[in-house]
Amino acid sequence: MSPIVFSLPGQEALAAHLSSALGAEPGALNLRQFPDGETYVRIGSAVWGRTAILVCGLDQPNGKSLPLYLAAATLREHGARRVLLVAPYLAYLRQDKIFQEGEGLTSQHYARWLSSFLDGLVTVDPHLHRIRHLDDIYAIPTRVAAAAPAIAQWLRQHQPNSLLIGPDEESEQWVSRIAREAGCPHLVLTKERLGDRQVALRLPEMEQHREHQPVLIDDIIASAGTMIETVGRLRQAGLPAPTCIGVHPIFAGSAYQDLIHAGAARVLSCNTIVHASNAIDVHNLIAETVAELLLPPPSLKPASASAALPA
Ligand SMILES: O=P(O)(O)OC[C@H]1O[C@H](OP(=O)(O)OP(=O)(O)O)[C@H](O)[C@@H]1O
């Protein structure tokens, strides 16, 4: 039986892409708010015995997480065999350490909660800094799609003479891969976070890079504080106005306009979150990764005679 794909509000384009790329059935899910703010859920497709895929963006996660839970629980109530989540942006990974006494390790709490009602998870470039693998905090099978090939392709087509710049050591993992695939040099800065919107950066010697077009690449742009500070420091160092690329364009409040006003030459993002800056399509990479998760686990070979323990 083919899987069935349900979209939570706002994820219709990705859900349609997944249905067609995976040969899955588009499912009908009616999710709306009662006047008192509670969520109404109704499944309009037969799910008994099937794998159900819920597509749910988890930016601004608090308002989306409970409807996600209720949709998953309703699918199970109606007999779905497996409920998988495709969350192009996965929330609650930034509080991955107790920074100050008394704080909650919300990355772990959220992971434990999602793991309690889902059977698998696909996301794009999760914010893995002090947590090395999603499997360290998720108790369900997880698969990660990397946006790097799509970003590298964009750079090869539109801006081949780039110098890629990652704002902090965590960004090394994807900036180095994009640089390799795009055939560009790259460097990584040192960042210290001073507050929710403020960071301090250390730049290496930039003189030798003046011939290149700088491109800032980061996984998340939220307040844009990191990108704004980097743009300012690069301009001070005499480099041209940089292109800014974010995998996950959260852009809280006026962050997008603030980054443009700060002097970015252009601001682009991947379509993991629907936003005016979307220019790099990762839907196909997500579909390939979901296909991996749908593969049955390799069956165990029967023990051969030679491998048998001596009697
Ligand atoms: O647009 P902004 O509001 O600046 O947020 C985006 C930045 O925040 C995240 O790192 P963070 O500083 O949380 O990294 P950490 O894991 O080192 O704490 C992310 O990797 C970006 O660099």
# chains A, B, ... in the order shown; residues from 1 in each chain; ligands from 1
>>> residues_near_ligand(ligand="ligand 1", cutoff="10 Å", atoms="only C-alpha atoms and all ligand atoms", output="ChimeraX atom specification")
/A:93-97,99,126-131,166-171,190-199,217-230,246,248-252,255-256,259
>>> select_by_dssp(residues="range 35-104 of chain A", states="helix (DSSP H, G or I)", output="mmCIF file with N, CA and C atoms, in the first residue's frame")
data_model
loop_
_atom_site.group_PDB
_atom_site.id
_atom_site.type_symbol
_atom_site.label_atom_id
_atom_site.label_comp_id
_atom_site.auth_asym_id
_atom_site.auth_seq_id
_atom_site.Cartn_x
_atom_site.Cartn_y
_atom_site.Cartn_z
ATOM 1 N N ASN A 62 5.616 26.714 18.796
ATOM 2 C CA ASN A 62 4.673 26.470 19.892
ATOM 3 C C ASN A 62 3.233 26.322 19.408
ATOM 4 N N GLY A 63 2.858 27.145 18.427
ATOM 5 C CA GLY A 63 1.493 27.080 17.904
ATOM 6 C C GLY A 63 1.283 25.909 16.953
ATOM 7 N N LYS A 64 2.357 25.285 16.494
ATOM 8 C CA LYS A 64 2.214 24.200 15.509
ATOM 9 C C LYS A 64 2.371 22.824 16.130
ATOM 10 N N SER A 65 3.030 22.770 17.289
ATOM 11 C CA SER A 65 3.390 21.464 17.841
ATOM 12 C C SER A 65 2.181 20.694 18.369
ATOM 13 N N LEU A 66 1.251 21.390 19.020
ATOM 14 C CA LEU A 66 0.086 20.676 19.558
ATOM 15 C C LEU A 66 -0.821 20.184 18.423
ATOM 16 N N PRO A 67 -1.130 21.025 17.395
ATOM 17 C CA PRO A 67 -1.879 20.486 16.248
ATOM 18 C C PRO A 67 -1.169 19.292 15.600
ATOM 19 N N LEU A 68 0.163 19.323 15.549
ATOM 20 C CA LEU A 68 0.911 18.182 15.001
ATOM 21 C C LEU A 68 0.636 16.931 15.839
ATOM 22 N N TYR A 69 0.715 17.086 17.145
ATOM 23 C CA TYR A 69 0.468 15.941 18.029
ATOM 24 C C TYR A 69 -0.952 15.407 17.820
ATOM 25 N N LEU A 70 -1.928 16.323 17.770
ATOM 26 C CA LEU A 70 -3.325 15.890 17.642
ATOM 27 C C LEU A 70 -3.570 15.212 16.291
ATOM 28 N N ALA A 71 -2.922 15.713 15.239
ATOM 29 C CA ALA A 71 -3.060 15.076 13.914
ATOM 30 C C ALA A 71 -2.453 13.671 13.953
ATOM 31 N N ALA A 72 -1.265 13.540 14.554
ATOM 32 C CA ALA A 72 -0.605 12.229 14.622
ATOM 33 C C ALA A 72 -1.452 11.249 15.444
ATOM 34 N N ALA A 73 -1.974 11.729 16.563
ATOM 35 C CA ALA A 73 -2.780 10.856 17.426
ATOM 36 C C ALA A 73 -4.051 10.417 16.704
ATOM 37 N N THR A 74 -4.646 11.319 15.920
ATOM 38 C CA THR A 74 -5.878 10.981 15.193
ATOM 39 C C THR A 74 -5.580 9.954 14.092
ATOM 40 N N LEU A 75 -4.431 10.120 13.429
ATOM 41 C CA LEU A 75 -4.052 9.135 12.393
ATOM 42 C C LEU A 75 -3.922 7.747 13.018
ATOM 43 N N ARG A 76 -3.296 7.704 14.160
ATOM 44 C CA ARG A 76 -3.106 6.416 14.841
ATOM 45 C C ARG A 76 -4.454 5.839 15.298
ATOM 46 N N GLU A 77 -5.292 6.734 15.808
ATOM 47 C CA GLU A 77 -6.633 6.326 16.266
ATOM 48 C C GLU A 77 -7.406 5.660 15.116
#
>>> select_by_dssp(residues="range 14-66 of chain A", states="strand (DSSP E)", output="PyMOL selection string")
chain A and resi 25-26+29-33+39-43+51-55
>>> write_last_selection(atoms="all heavy atoms", output="compact mmCIF listing (two decimals), in the first residue's frame")
# COMPACT_ATOMS: atom_id res chain seq x y z
N GLU A 25 -0.16 8.91 -1.98
CA GLU A 25 -1.49 9.52 -2.14
C GLU A 25 -1.57 10.81 -1.33
O GLU A 25 -1.15 10.83 -0.17
CB GLU A 25 -2.53 8.51 -1.61
CG GLU A 25 -3.95 8.99 -1.79
CD GLU A 25 -4.93 8.04 -1.07
OE1 GLU A 25 -4.66 6.82 -1.00
OE2 GLU A 25 -5.95 8.56 -0.58
N PRO A 26 -2.09 11.88 -1.92
CA PRO A 26 -2.32 13.08 -1.09
C PRO A 26 -3.48 12.81 -0.14
O PRO A 26 -4.53 12.34 -0.56
CB PRO A 26 -2.68 14.17 -2.10
CG PRO A 26 -2.48 13.57 -3.46
CD PRO A 26 -2.47 12.08 -3.33
N LEU A 29 -6.75 16.34 5.30
CA LEU A 29 -6.70 16.62 6.74
C LEU A 29 -7.36 17.96 6.99
O LEU A 29 -6.95 18.97 6.43
CB LEU A 29 -5.23 16.66 7.19
CG LEU A 29 -4.95 17.16 8.61
CD1 LEU A 29 -5.56 16.24 9.66
CD2 LEU A 29 -3.44 17.27 8.83
N ASN A 30 -8.41 17.95 7.78
CA ASN A 30 -9.08 19.20 8.13
C ASN A 30 -8.65 19.57 9.55
O ASN A 30 -8.95 18.86 10.50
CB ASN A 30 -10.60 18.99 8.03
CG ASN A 30 -11.36 20.27 8.33
OD1 ASN A 30 -10.76 21.30 8.68
ND2 ASN A 30 -12.68 20.22 8.21
N LEU A 31 -7.89 20.65 9.62
CA LEU A 31 -7.35 21.09 10.91
C LEU A 31 -7.73 22.55 11.05
O LEU A 31 -7.33 23.37 10.23
CB LEU A 31 -5.84 20.95 10.82
CG LEU A 31 -5.01 20.84 12.07
CD1 LEU A 31 -5.35 19.58 12.84
CD2 LEU A 31 -3.53 20.78 11.68
N ARG A 32 -8.53 22.87 12.01
CA ARG A 32 -8.90 24.28 12.17
C ARG A 32 -9.09 24.60 13.64
O ARG A 32 -9.12 23.69 14.48
CB ARG A 32 -10.15 24.61 11.36
CG ARG A 32 -11.39 23.90 11.83
CD ARG A 32 -12.64 24.34 11.07
NE ARG A 32 -13.79 23.56 11.49
CZ ARG A 32 -14.52 23.81 12.56
NH1 ARG A 32 -14.25 24.85 13.32
NH2 ARG A 32 -15.56 23.04 12.89
N GLN A 33 -9.22 25.88 13.92
CA GLN A 33 -9.36 26.31 15.31
C GLN A 33 -10.82 26.57 15.66
O GLN A 33 -11.51 27.26 14.91
CB GLN A 33 -8.55 27.59 15.51
CG GLN A 33 -7.54 27.43 16.61
CD GLN A 33 -6.77 28.72 16.84
OE1 GLN A 33 -7.19 29.80 16.43
NE2 GLN A 33 -5.67 28.60 17.53
N THR A 39 -8.12 22.99 18.93
CA THR A 39 -7.93 22.52 17.55
C THR A 39 -8.92 21.43 17.20
O THR A 39 -9.13 20.49 17.98
CB THR A 39 -6.48 21.98 17.39
OG1 THR A 39 -5.58 23.07 17.61
CG2 THR A 39 -6.24 21.40 16.02
N TYR A 40 -9.55 21.56 16.04
CA TYR A 40 -10.43 20.54 15.48
C TYR A 40 -9.64 19.73 14.47
O TYR A 40 -8.94 20.30 13.63
CB TYR A 40 -11.62 21.23 14.80
CG TYR A 40 -12.49 20.30 13.97
CD1 TYR A 40 -13.55 19.62 14.56
CD2 TYR A 40 -12.25 20.12 12.61
CE1 TYR A 40 -14.37 18.78 13.80
CE2 TYR A 40 -13.06 19.28 11.84
CZ TYR A 40 -14.11 18.61 12.45
OH TYR A 40 -14.89 17.77 11.70
N VAL A 41 -9.69 18.41 14.54
CA VAL A 41 -8.96 17.56 13.59
C VAL A 41 -9.91 16.56 12.98
O VAL A 41 -10.66 15.88 13.70
CB VAL A 41 -7.86 16.72 14.30
CG1 VAL A 41 -6.99 16.02 13.26
CG2 VAL A 41 -7.01 17.54 15.21
N ARG A 42 -9.85 16.43 11.65
CA ARG A 42 -10.62 15.37 10.99
C ARG A 42 -9.81 14.83 9.82
O ARG A 42 -9.34 15.59 8.98
CB ARG A 42 -11.95 15.92 10.49
CG ARG A 42 -12.79 14.84 9.88
CD ARG A 42 -14.20 15.31 9.57
NE ARG A 42 -14.92 14.19 9.00
CZ ARG A 42 -15.74 14.31 7.98
NH1 ARG A 42 -15.98 15.48 7.43
NH2 ARG A 42 -16.35 13.23 7.51
N ILE A 43 -9.63 13.52 9.80
CA ILE A 43 -8.93 12.86 8.70
C ILE A 43 -9.98 12.46 7.67
O ILE A 43 -10.95 11.79 8.00
CB ILE A 43 -8.22 11.56 9.20
CG1 ILE A 43 -7.35 11.83 10.43
CG2 ILE A 43 -7.44 10.91 8.07
CD1 ILE A 43 -6.13 12.61 10.20
N THR A 51 1.28 3.80 5.99
CA THR A 51 2.26 4.76 6.49
C THR A 51 1.74 6.16 6.17
O THR A 51 1.49 6.48 5.01
CB THR A 51 3.63 4.55 5.81
OG1 THR A 51 4.13 3.28 6.19
CG2 THR A 51 4.62 5.63 6.21
N ALA A 52 1.57 6.96 7.21
CA ALA A 52 1.12 8.35 7.02
C ALA A 52 2.30 9.29 7.20
O ALA A 52 3.09 9.12 8.14
CB ALA A 52 0.02 8.67 8.03
N ILE A 53 2.42 10.24 6.28
CA ILE A 53 3.50 11.23 6.37
C ILE A 53 2.86 12.58 6.67
O ILE A 53 2.03 13.06 5.89
CB ILE A 53 4.29 11.30 5.05
CG1 ILE A 53 4.92 9.93 4.74
CG2 ILE A 53 5.35 12.39 5.11
CD1 ILE A 53 5.57 9.84 3.37
N LEU A 54 3.24 13.17 7.79
CA LEU A 54 2.74 14.50 8.15
C LEU A 54 3.80 15.52 7.78
O LEU A 54 4.96 15.40 8.23
CB LEU A 54 2.48 14.56 9.66
CG LEU A 54 1.19 13.95 10.16
CD1 LEU A 54 1.21 13.88 11.69
CD2 LEU A 54 -0.01 14.76 9.69
N VAL A 55 3.45 16.51 6.99
CA VAL A 55 4.41 17.55 6.62
C VAL A 55 4.09 18.79 7.44
O VAL A 55 2.99 19.36 7.33
CB VAL A 55 4.34 17.88 5.11
CG1 VAL A 55 5.45 18.84 4.72
CG2 VAL A 55 4.43 16.60 4.29
>>> residues_around(residues="His209 in chain A", least_positions_apart="6", cutoff="12 Å", atoms="only C-alpha atoms", output="CSV table (one decimal) with all heavy atoms, in the first residue's frame")
chain,number,residue,atom,x,y,z
A,161,ASN,N,32.5,33.2,-8.6
A,161,ASN,CA,33.8,33.8,-8.0
A,161,ASN,C,33.5,34.1,-6.6
A,161,ASN,O,33.9,35.2,-6.1
A,161,ASN,CB,34.2,35.0,-8.8
A,161,ASN,CG,35.5,35.6,-8.3
A,161,ASN,OD1,36.4,34.9,-7.9
A,161,ASN,ND2,35.5,36.9,-8.3
A,162,SER,N,33.0,33.2,-5.8
A,162,SER,CA,32.6,33.5,-4.4
A,162,SER,C,33.7,33.1,-3.4
A,162,SER,O,34.4,32.1,-3.6
A,162,SER,CB,31.3,32.8,-4.1
A,162,SER,OG,30.2,33.2,-4.8
A,163,LEU,N,33.7,33.8,-2.3
A,163,LEU,CA,34.4,33.4,-1.1
A,163,LEU,C,33.3,33.1,-0.1
A,163,LEU,O,32.6,34.0,0.3
A,163,LEU,CB,35.3,34.5,-0.6
A,163,LEU,CG,35.8,34.3,0.9
A,163,LEU,CD1,36.8,33.2,0.9
A,163,LEU,CD2,36.4,35.6,1.4
A,164,LEU,N,33.2,31.8,0.3
A,164,LEU,CA,32.2,31.5,1.3
A,164,LEU,C,32.6,31.7,2.7
A,164,LEU,O,33.7,31.4,3.1
A,164,LEU,CB,31.8,30.0,1.1
A,164,LEU,CG,31.4,29.5,-0.3
A,164,LEU,CD1,30.8,28.2,-0.3
A,164,LEU,CD2,30.5,30.5,-1.0
A,165,ILE,N,31.7,32.3,3.5
A,165,ILE,CA,32.1,32.7,4.9
A,165,ILE,C,31.0,32.1,5.8
A,165,ILE,O,29.8,32.4,5.7
A,165,ILE,CB,32.2,34.2,5.0
A,165,ILE,CG1,33.3,34.8,4.1
A,165,ILE,CG2,32.5,34.6,6.5
A,165,ILE,CD1,33.3,36.3,4.0
A,184,CYS,N,34.8,26.7,-4.6
A,184,CYS,CA,35.1,28.1,-4.1
A,184,CYS,C,35.9,28.0,-2.8
A,184,CYS,O,35.8,27.0,-2.1
A,184,CYS,CB,33.8,28.8,-3.7
A,184,CYS,SG,32.6,29.1,-4.9
A,185,PRO,N,36.8,29.0,-2.5
A,185,PRO,CA,37.4,29.0,-1.2
A,185,PRO,C,36.4,29.3,-0.1
A,185,PRO,O,35.4,29.8,-0.4
A,185,PRO,CB,38.5,30.1,-1.3
A,185,PRO,CG,37.9,31.0,-2.4
A,185,PRO,CD,37.1,30.2,-3.3
A,186,HIS,N,36.8,29.0,1.1
A,186,HIS,CA,35.9,29.3,2.2
A,186,HIS,C,36.7,29.6,3.5
A,186,HIS,O,37.9,29.2,3.6
A,186,HIS,CB,34.9,28.2,2.5
A,186,HIS,CG,35.5,27.1,3.3
A,186,HIS,ND1,36.3,26.1,2.8
A,186,HIS,CD2,35.4,26.8,4.7
A,186,HIS,CE1,36.7,25.2,3.7
A,186,HIS,NE2,36.2,25.6,4.9
A,187,LEU,N,36.1,30.3,4.4
A,187,LEU,CA,36.7,30.5,5.7
A,187,LEU,C,35.6,30.6,6.8
A,187,LEU,O,34.4,30.9,6.4
A,187,LEU,CB,37.6,31.8,5.8
A,187,LEU,CG,37.1,33.1,5.3
A,187,LEU,CD1,36.4,33.8,6.5
A,187,LEU,CD2,38.2,34.0,4.8
A,215,VAL,N,30.2,35.6,0.3
A,215,VAL,CA,28.9,35.0,0.5
A,215,VAL,C,28.8,34.5,1.9
A,215,VAL,O,29.6,33.6,2.3
A,215,VAL,CB,28.7,33.8,-0.5
A,215,VAL,CG1,27.3,33.2,-0.3
A,215,VAL,CG2,28.8,34.3,-2.0
A,234,LEU,N,32.6,42.8,7.5
A,234,LEU,CA,33.2,42.6,6.2
A,234,LEU,C,33.4,43.9,5.4
A,234,LEU,O,34.4,44.2,4.8
A,234,LEU,CB,32.4,41.6,5.3
A,234,LEU,CG,32.4,40.2,5.8
A,234,LEU,CD1,31.5,39.3,5.0
A,234,LEU,CD2,33.8,39.6,5.8
A,237,ALA,N,36.2,45.8,6.7
A,237,ALA,CA,37.5,45.2,6.2
A,237,ALA,C,37.7,45.5,4.7
A,237,ALA,O,38.7,45.0,4.1
A,237,ALA,CB,37.5,43.7,6.5
A,238,GLY,N,36.8,46.2,4.1
A,238,GLY,CA,37.0,46.7,2.7
A,238,GLY,C,36.5,45.7,1.7
A,238,GLY,O,36.8,45.8,0.5
A,239,LEU,N,35.7,44.7,2.0
A,239,LEU,CA,35.2,43.8,1.1
A,239,LEU,C,33.9,44.3,0.5
A,239,LEU,O,33.2,45.1,1.1
A,239,LEU,CB,34.9,42.4,1.7
A,239,LEU,CG,36.1,41.4,1.7
A,239,LEU,CD1,37.2,41.9,2.7
A,239,LEU,CD2,35.7,40.0,1.9
A,240,PRO,N,33.5,43.8,-0.7
A,240,PRO,CA,32.3,44.2,-1.3
A,240,PRO,C,31.1,43.8,-0.5
A,240,PRO,O,31.2,42.8,0.3
A,240,PRO,CB,32.3,43.6,-2.7
A,240,PRO,CG,33.5,42.9,-2.9
A,240,PRO,CD,34.3,42.9,-1.6
>>> residues_around(residues="Ala80 in chain A", least_positions_apart="6", cutoff="6 Å", atoms="only C-alpha atoms", output="number ranges by chain")
A: 47-50
>>> decode(residues="range 268-298 of chain A", atoms="N, CA and C atoms", output="PDB file, in the first residue's frame")
ATOM      1  N   LEU A 268      19.239  35.525   0.225  1.00  0.00           N
ATOM      2  CA  LEU A 268      18.583  34.358  -0.373  1.00  0.00           C
ATOM      3  C   LEU A 268      18.388  33.279   0.678  1.00  0.00           C
ATOM      4  N   SER A 269      17.442  32.386   0.395  1.00  0.00           N
ATOM      5  CA  SER A 269      17.256  31.276   1.332  1.00  0.00           C
ATOM      6  C   SER A 269      16.771  30.044   0.593  1.00  0.00           C
ATOM      7  N   CYS A 270      16.816  28.932   1.307  1.00  0.00           N
ATOM      8  CA  CYS A 270      16.219  27.685   0.826  1.00  0.00           C
ATOM      9  C   CYS A 270      14.744  27.689   1.220  1.00  0.00           C
ATOM     10  N   ASN A 271      13.949  26.918   0.487  1.00  0.00           N
ATOM     11  CA  ASN A 271      12.506  26.934   0.767  1.00  0.00           C
ATOM     12  C   ASN A 271      12.126  25.901   1.836  1.00  0.00           C
ATOM     13  N   THR A 272      12.856  25.921   2.961  1.00  0.00           N
ATOM     14  CA  THR A 272      12.463  25.088   4.112  1.00  0.00           C
ATOM     15  C   THR A 272      11.371  25.792   4.909  1.00  0.00           C
ATOM     16  N   ILE A 273      11.329  27.118   4.802  1.00  0.00           N
ATOM     17  CA  ILE A 273      10.277  27.942   5.406  1.00  0.00           C
ATOM     18  C   ILE A 273       9.844  28.900   4.297  1.00  0.00           C
ATOM     19  N   VAL A 274       8.543  28.989   4.071  1.00  0.00           N
ATOM     20  CA  VAL A 274       8.077  29.848   2.977  1.00  0.00           C
ATOM     21  C   VAL A 274       8.394  31.306   3.319  1.00  0.00           C
ATOM     22  N   HIS A 275       9.163  31.983   2.436  1.00  0.00           N
ATOM     23  CA  HIS A 275       9.577  33.360   2.702  1.00  0.00           C
ATOM     24  C   HIS A 275       9.932  34.037   1.372  1.00  0.00           C
ATOM     25  N   ALA A 276       9.806  35.374   1.344  1.00  0.00           N
ATOM     26  CA  ALA A 276      10.099  36.134   0.126  1.00  0.00           C
ATOM     27  C   ALA A 276      11.518  35.896  -0.381  1.00  0.00           C
ATOM     28  N   SER A 277      12.429  35.510   0.485  1.00  0.00           N
ATOM     29  CA  SER A 277      13.832  35.319   0.070  1.00  0.00           C
ATOM     30  C   SER A 277      14.090  33.944  -0.553  1.00  0.00           C
ATOM     31  N   ASN A 278      13.085  33.056  -0.576  1.00  0.00           N
ATOM     32  CA  ASN A 278      13.298  31.694  -1.113  1.00  0.00           C
ATOM     33  C   ASN A 278      13.791  31.759  -2.560  1.00  0.00           C
ATOM     34  N   ALA A 279      14.975  31.175  -2.797  1.00  0.00           N
ATOM     35  CA  ALA A 279      15.510  31.150  -4.170  1.00  0.00           C
ATOM     36  C   ALA A 279      16.160  29.806  -4.479  1.00  0.00           C
ATOM     37  N   ILE A 280      16.313  28.972  -3.456  1.00  0.00           N
ATOM     38  CA  ILE A 280      17.028  27.705  -3.630  1.00  0.00           C
ATOM     39  C   ILE A 280      16.085  26.576  -3.215  1.00  0.00           C
ATOM     40  N   ASP A 281      15.769  25.739  -4.190  1.00  0.00           N
ATOM     41  CA  ASP A 281      14.742  24.718  -3.980  1.00  0.00           C
ATOM     42  C   ASP A 281      15.349  23.435  -3.405  1.00  0.00           C
ATOM     43  N   VAL A 282      14.890  23.037  -2.231  1.00  0.00           N
ATOM     44  CA  VAL A 282      15.408  21.801  -1.612  1.00  0.00           C
ATOM     45  C   VAL A 282      14.321  20.712  -1.522  1.00  0.00           C
ATOM     46  N   HIS A 283      13.194  20.936  -2.173  1.00  0.00           N
ATOM     47  CA  HIS A 283      12.096  19.970  -2.037  1.00  0.00           C
ATOM     48  C   HIS A 283      12.478  18.586  -2.574  1.00  0.00           C
ATOM     49  N   ASN A 284      13.261  18.588  -3.659  1.00  0.00           N
ATOM     50  CA  ASN A 284      13.646  17.289  -4.199  1.00  0.00           C
ATOM     51  C   ASN A 284      14.606  16.552  -3.277  1.00  0.00           C
ATOM     52  N   LEU A 285      15.508  17.307  -2.638  1.00  0.00           N
ATOM     53  CA  LEU A 285      16.435  16.684  -1.683  1.00  0.00           C
ATOM     54  C   LEU A 285      15.652  16.097  -0.510  1.00  0.00           C
ATOM     55  N   ILE A 286      14.592  16.798  -0.096  1.00  0.00           N
ATOM     56  CA  ILE A 286      13.758  16.282   0.996  1.00  0.00           C
ATOM     57  C   ILE A 286      13.066  14.988   0.548  1.00  0.00           C
ATOM     58  N   ALA A 287      12.532  15.003  -0.687  1.00  0.00           N
ATOM     59  CA  ALA A 287      11.829  13.802  -1.187  1.00  0.00           C
ATOM     60  C   ALA A 287      12.781  12.605  -1.223  1.00  0.00           C
ATOM     61  N   GLU A 288      14.014  12.816  -1.659  1.00  0.00           N
ATOM     62  CA  GLU A 288      14.989  11.702  -1.709  1.00  0.00           C
ATOM     63  C   GLU A 288      15.246  11.151  -0.305  1.00  0.00           C
ATOM     64  N   THR A 289      15.287  12.058   0.664  1.00  0.00           N
ATOM     65  CA  THR A 289      15.579  11.635   2.039  1.00  0.00           C
ATOM     66  C   THR A 289      14.389  10.899   2.651  1.00  0.00           C
ATOM     67  N   VAL A 290      13.176  11.355   2.320  1.00  0.00           N
ATOM     68  CA  VAL A 290      11.984  10.641   2.805  1.00  0.00           C
ATOM     69  C   VAL A 290      11.959   9.233   2.197  1.00  0.00           C
ATOM     70  N   ALA A 291      12.335   9.140   0.925  1.00  0.00           N
ATOM     71  CA  ALA A 291      12.352   7.818   0.261  1.00  0.00           C
ATOM     72  C   ALA A 291      13.282   6.862   1.011  1.00  0.00           C
ATOM     73  N   GLU A 292      14.417   7.376   1.496  1.00  0.00           N
ATOM     74  CA  GLU A 292      15.349   6.525   2.279  1.00  0.00           C
ATOM     75  C   GLU A 292      14.678   6.008   3.543  1.00  0.00           C
ATOM     76  N   LEU A 293      13.943   6.902   4.208  1.00  0.00           N
ATOM     77  CA  LEU A 293      13.306   6.509   5.470  1.00  0.00           C
ATOM     78  C   LEU A 293      12.205   5.470   5.235  1.00  0.00           C
ATOM     79  N   LEU A 294      11.604   5.540   4.027  1.00  0.00           N
ATOM     80  CA  LEU A 294      10.509   4.614   3.738  1.00  0.00           C
ATOM     81  C   LEU A 294      11.006   3.211   3.386  1.00  0.00           C
ATOM     82  N   LEU A 295      12.303   3.108   3.053  1.00  0.00           N
ATOM     83  CA  LEU A 295      12.843   1.796   2.681  1.00  0.00           C
ATOM     84  C   LEU A 295      12.697   0.836   3.857  1.00  0.00           C
ATOM     85  N   PRO A 296      12.337  -0.412   3.571  1.00  0.00           N
ATOM     86  CA  PRO A 296      12.266  -1.352   4.696  1.00  0.00           C
ATOM     87  C   PRO A 296      13.662  -1.587   5.255  1.00  0.00           C
ATOM     88  N   PRO A 297      13.796  -1.833   6.560  1.00  0.00           N
ATOM     89  CA  PRO A 297      15.122  -2.089   7.117  1.00  0.00           C
ATOM     90  C   PRO A 297      15.699  -3.359   6.497  1.00  0.00           C
ATOM     91  N   PRO A 298      17.029  -3.413   6.293  1.00  0.00           N
ATOM     92  CA  PRO A 298      17.598  -4.614   5.674  1.00  0.00           C
ATOM     93  C   PRO A 298      17.302  -5.831   6.538  1.00  0.00           C
TER      94      PRO A 298
END
